[in-house]
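All remarks here apply to the structure that follows.
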Amino acid sequence: MSGTKTPDITLYTAQTPNGIKISIALEELGIPYKVHKIELSKNVQKEPWFLEINPNGRIPAITDTFEDGRQIRLFESGSILQYLVDQYDKDYKISYPRGTREYYEMNNWLFFQNAGVGPMQGQANHFNRYAPERIEYGINRYVNETRRLYGVLDKHLATSKSGYLVGDHVSIADIAHWGWIAHAGWAGVDIDEFPHLKAWEERMLSRPGVERGRHVPDRHTIKEILQNKEELEKHAAEGRSWVQRGMAADAQK
């Protein structure tokens with residue numbers, strides 16, 4: 001483990017592209033952590049105890065003992081990733097030294113994912129899989145924007161000497177993207193259109209930390225689901241049910 005601070009991390013998570021960002025980062029760093037699985041379908045993320053950790057009622061979140069001896073609560077996946085490297089990545093396993101060119105380029109791509117790929121692909125998922133009716137405009141709008149963003153990544157990776165998004169090694173910029181790119185088919189995007197991005201996805205998957213982290217808190221099975229039409233429809237129906245329930249509950253607040 002890098003650094004001298006002793007981790008006291010609990011990860012509150014579920015099997016989602018955002019959730020596995022954090023478990024992958026923790027595994028890449030070799031940091032011990034406890035896992036608290038959040039049952040999204042049961043709206044556990046909206047319970048008062050969890051809202052004390054993340055007022056927005058979303059995963060992932062972590063708690064840790066901060067340098068002052070008091071608990072600190074972190075939410076929003078990008079913020080958590082930045083915290084983890086600031087506190088625990090003293091050897092720059094998945095980051096770069098603050099103030100370097102690579103540090104700022106890493107943050108470019110981290111925010112590209114948080115502000116672009118995640119929200120756009122999330123909406124593609126919603127209209128493609130969870131909406132109660134098929135709305136072609138919504139599907140086309142968000143699937144095409146996701147494809148555009150994938151094209152930006154693909155073009156960038158075509159010029160990468162290391163095969164990673166920034167510099168000469170993996171970073172939180174790569175970790176932030178991987179779970180979303182692995183779910184491309186769920187959003188209606190054909191990853192074969194983007195050969196450099198597909199090669200990057202496979203390169204990331206070959207990393208032991210990614211392999212371990214992607215199966216937290218449950219097995220990461222999206223590839224198998226996409227290859228089985230019956231399982232795909234079942235998974236979509238289950239997701240549609242709890243998404244619609246959650247939307248109805250939010251509308252009443």
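Starting from 1 in every chain, residues are counted up; chains themselves are A, B, ... following the order of the structure tokens, and ligands are numbered from 1 as listed.
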Pick out the residues sitting within 7 Å of region 21-37 of chain A, and hand them over as a ChimeraX atom specification; count only C-alpha atoms, and ignore anything fewer than 2 positions along from it in its own chain.
/A:1,7-14,17-19,39,81,89,93,175-176,179,209-210,212-214,216-217
For those residues, write N, CA, C and O atoms to a file as a short mmCIF file (atom, residue, chain, number, x, y, z; two decimals), in the first residue's frame.
```cif
data_model
loop_
_atom_site.label_atom_id
_atom_site.label_comp_id
_atom_site.auth_asym_id
_atom_site.auth_seq_id
_atom_site.Cartn_x
_atom_site.Cartn_y
_atom_site.Cartn_z
N MET A 1 0.84 -1.20 0.00
CA MET A 1 0.00 0.00 0.00
C MET A 1 0.87 1.25 0.00
O MET A 1 1.86 1.32 0.72
N PRO A 7 -5.81 3.11 5.93
CA PRO A 7 -7.19 3.25 5.45
C PRO A 7 -8.20 2.68 6.44
O PRO A 7 -7.93 1.69 7.12
N ASP A 8 -9.35 3.31 6.48
CA ASP A 8 -10.49 2.81 7.26
C ASP A 8 -11.74 2.99 6.38
O ASP A 8 -12.71 3.61 6.79
N ILE A 9 -11.67 2.44 5.19
CA ILE A 9 -12.64 2.75 4.14
C ILE A 9 -13.78 1.74 4.13
O ILE A 9 -13.55 0.52 4.15
N THR A 10 -14.99 2.25 4.07
CA THR A 10 -16.16 1.45 3.74
C THR A 10 -16.71 1.98 2.43
O THR A 10 -16.94 3.18 2.29
N LEU A 11 -16.89 1.08 1.49
CA LEU A 11 -17.42 1.42 0.18
C LEU A 11 -18.89 1.01 0.12
O LEU A 11 -19.23 -0.15 0.34
N TYR A 12 -19.74 1.98 -0.16
CA TYR A 12 -21.18 1.74 -0.32
C TYR A 12 -21.43 1.73 -1.82
O TYR A 12 -21.26 2.74 -2.51
N THR A 13 -21.86 0.58 -2.33
CA THR A 13 -21.83 0.42 -3.78
C THR A 13 -22.86 -0.58 -4.26
O THR A 13 -23.52 -1.27 -3.47
N ALA A 14 -22.99 -0.64 -5.57
CA ALA A 14 -23.82 -1.63 -6.25
C ALA A 14 -23.13 -1.95 -7.56
O ALA A 14 -22.17 -1.29 -7.97
N PRO A 17 -21.79 0.78 -13.54
CA PRO A 17 -20.55 1.35 -14.06
C PRO A 17 -19.90 2.35 -13.12
O PRO A 17 -18.67 2.40 -13.02
N ASN A 18 -20.70 3.15 -12.42
CA ASN A 18 -20.12 4.10 -11.48
C ASN A 18 -19.62 3.40 -10.22
O ASN A 18 -18.58 3.77 -9.66
N GLY A 19 -20.35 2.39 -9.78
CA GLY A 19 -19.95 1.70 -8.56
C GLY A 19 -18.60 1.01 -8.70
O GLY A 19 -17.74 1.10 -7.82
N GLU A 39 -28.80 -2.12 -1.97
CA GLU A 39 -29.85 -2.72 -2.81
C GLU A 39 -30.66 -1.60 -3.48
O GLU A 39 -31.61 -1.08 -2.92
N LEU A 81 -12.52 9.27 -6.51
CA LEU A 81 -11.27 8.88 -7.16
C LEU A 81 -10.16 9.88 -6.84
O LEU A 81 -9.01 9.50 -6.57
N ASP A 89 -2.26 7.30 -3.03
CA ASP A 89 -1.45 6.93 -4.19
C ASP A 89 -0.15 7.72 -4.22
O ASP A 89 0.15 8.43 -5.19
N LYS A 93 0.56 5.07 -8.71
CA LYS A 93 0.20 3.85 -9.44
C LYS A 93 -0.92 4.12 -10.45
O LYS A 93 -0.92 3.56 -11.54
N ILE A 175 -9.81 4.31 -15.38
CA ILE A 175 -10.70 3.59 -14.46
C ILE A 175 -12.10 4.16 -14.50
O ILE A 175 -13.09 3.42 -14.45
N ALA A 176 -12.22 5.48 -14.60
CA ALA A 176 -13.54 6.11 -14.64
C ALA A 176 -14.33 5.66 -15.86
O ALA A 176 -15.56 5.53 -15.81
N GLY A 179 -15.98 0.89 -16.86
CA GLY A 179 -17.28 0.25 -16.64
C GLY A 179 -18.33 0.70 -17.63
O GLY A 179 -19.19 -0.08 -18.04
N GLY A 209 -6.26 -5.93 -11.15
CA GLY A 209 -7.05 -5.03 -10.32
C GLY A 209 -8.42 -4.75 -10.91
O GLY A 209 -9.41 -4.66 -10.18
N VAL A 210 -8.48 -4.63 -12.23
CA VAL A 210 -9.76 -4.43 -12.90
C VAL A 210 -10.61 -5.69 -12.77
O VAL A 210 -11.81 -5.63 -12.47
N ARG A 212 -10.55 -8.01 -10.47
CA ARG A 212 -11.07 -8.16 -9.10
C ARG A 212 -12.12 -7.10 -8.80
O ARG A 212 -13.20 -7.39 -8.27
N GLY A 213 -11.83 -5.86 -9.15
CA GLY A 213 -12.71 -4.76 -8.77
C GLY A 213 -14.03 -4.76 -9.48
O GLY A 213 -15.03 -4.29 -8.93
N ARG A 214 -14.09 -5.31 -10.69
CA ARG A 214 -15.34 -5.26 -11.44
C ARG A 214 -16.40 -6.19 -10.85
O ARG A 214 -17.58 -6.05 -11.13
N VAL A 216 -17.36 -6.40 -7.72
CA VAL A 216 -17.78 -5.88 -6.41
C VAL A 216 -19.01 -5.01 -6.60
O VAL A 216 -19.02 -4.13 -7.45
N PRO A 217 -20.07 -5.21 -5.82
CA PRO A 217 -20.25 -6.22 -4.76
C PRO A 217 -20.78 -7.55 -5.29
O PRO A 217 -20.90 -8.50 -4.53
#
```
Picked from region 7-104 of chain A by DSSP as helix (DSSP H, G or I), as a ChimeraX atom specification
/A:17-29,40-42,44-46,48-51,77-88,101-104
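Those residues in region 41-230 of chain A carrying a DSSP assignment of strand (DSSP E or B), computed from the backbone, are Ala61, Ile62, Thr63, Asp64, Thr65, Gln71, Ile72, Arg73, Leu74 and Phe75 of chain A.
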Using only C-alpha atoms, which residues sit within 12 Å of Phe50 (chain A) once same-chain residues fewer than 5 positions away are excluded, as a PyMOL selection string?
chain A and resi 11-13+36-40+43-45+55-63+73-75
Distance CA of Asn128 (chain A)-CA of Ala187 (chain A), one decimal place?
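Separation of CA of Asn128 (chain A) and CA of Ala187 (chain A): 6.5 Å.
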Work out how far apart CA of Pro119 (chain A) and CA of Met247 (chain A) are and give it in Å to one decimal.
16.8 Å
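As for CA of Ser95 (chain A) and CA of Gln82 (chain A), they are spaced 9.0 Å apart.
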Selection near Pro195 (chain A), 12 Å with only C-alpha atoms, sequence-local residues under 2 positions removed, as a ChimeraX atom specification
/A:150-151,153-158,190-193,197-202
Given the choices A:Lys46, A:Arg129, A:Arg101, A:His183, which gets closest to His235 (chain A) if the distance is worked out from only C-alpha atoms?
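Result for the nearest residue to His235 (chain A): A:Arg129.
With only C-alpha atoms as the atoms that count, the minimum distance from Ala173 (chain A) to the choices A:Phe111, A:Leu205, A:Val243, A:Lys42 is reached by A:Phe111.
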Neighbour list for Arg240 (chain A) as an MDAnalysis selection string, cut-off 8 Å, only C-alpha atoms, skip fewer than 6 positions in-chain
chainID A and resid 129:132
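Residues in contact range of Thr146 (chain A), defined as at most 8 Å between only C-alpha atoms, with sequence neighbours fewer than 5 positions away removed, read Val117, Met120, Gln121, Ala124 and Val189 of chain A.
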Which of these residues is nearest to Arg207 (chain A), using only C-alpha atoms: A:Lys90, A:His169, A:Lys253, A:Lys161?
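Checking each candidate against Arg207 (chain A), we get A:His169 as the closest.
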Name the closest residue to Glu76 (chain A) among the candidates A:Asn114, A:Glu105, A:His196, A:Arg98; distances are taken between atoms, counting only C-alpha atoms.
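Result for the nearest residue to Glu76 (chain A): A:Asn114.
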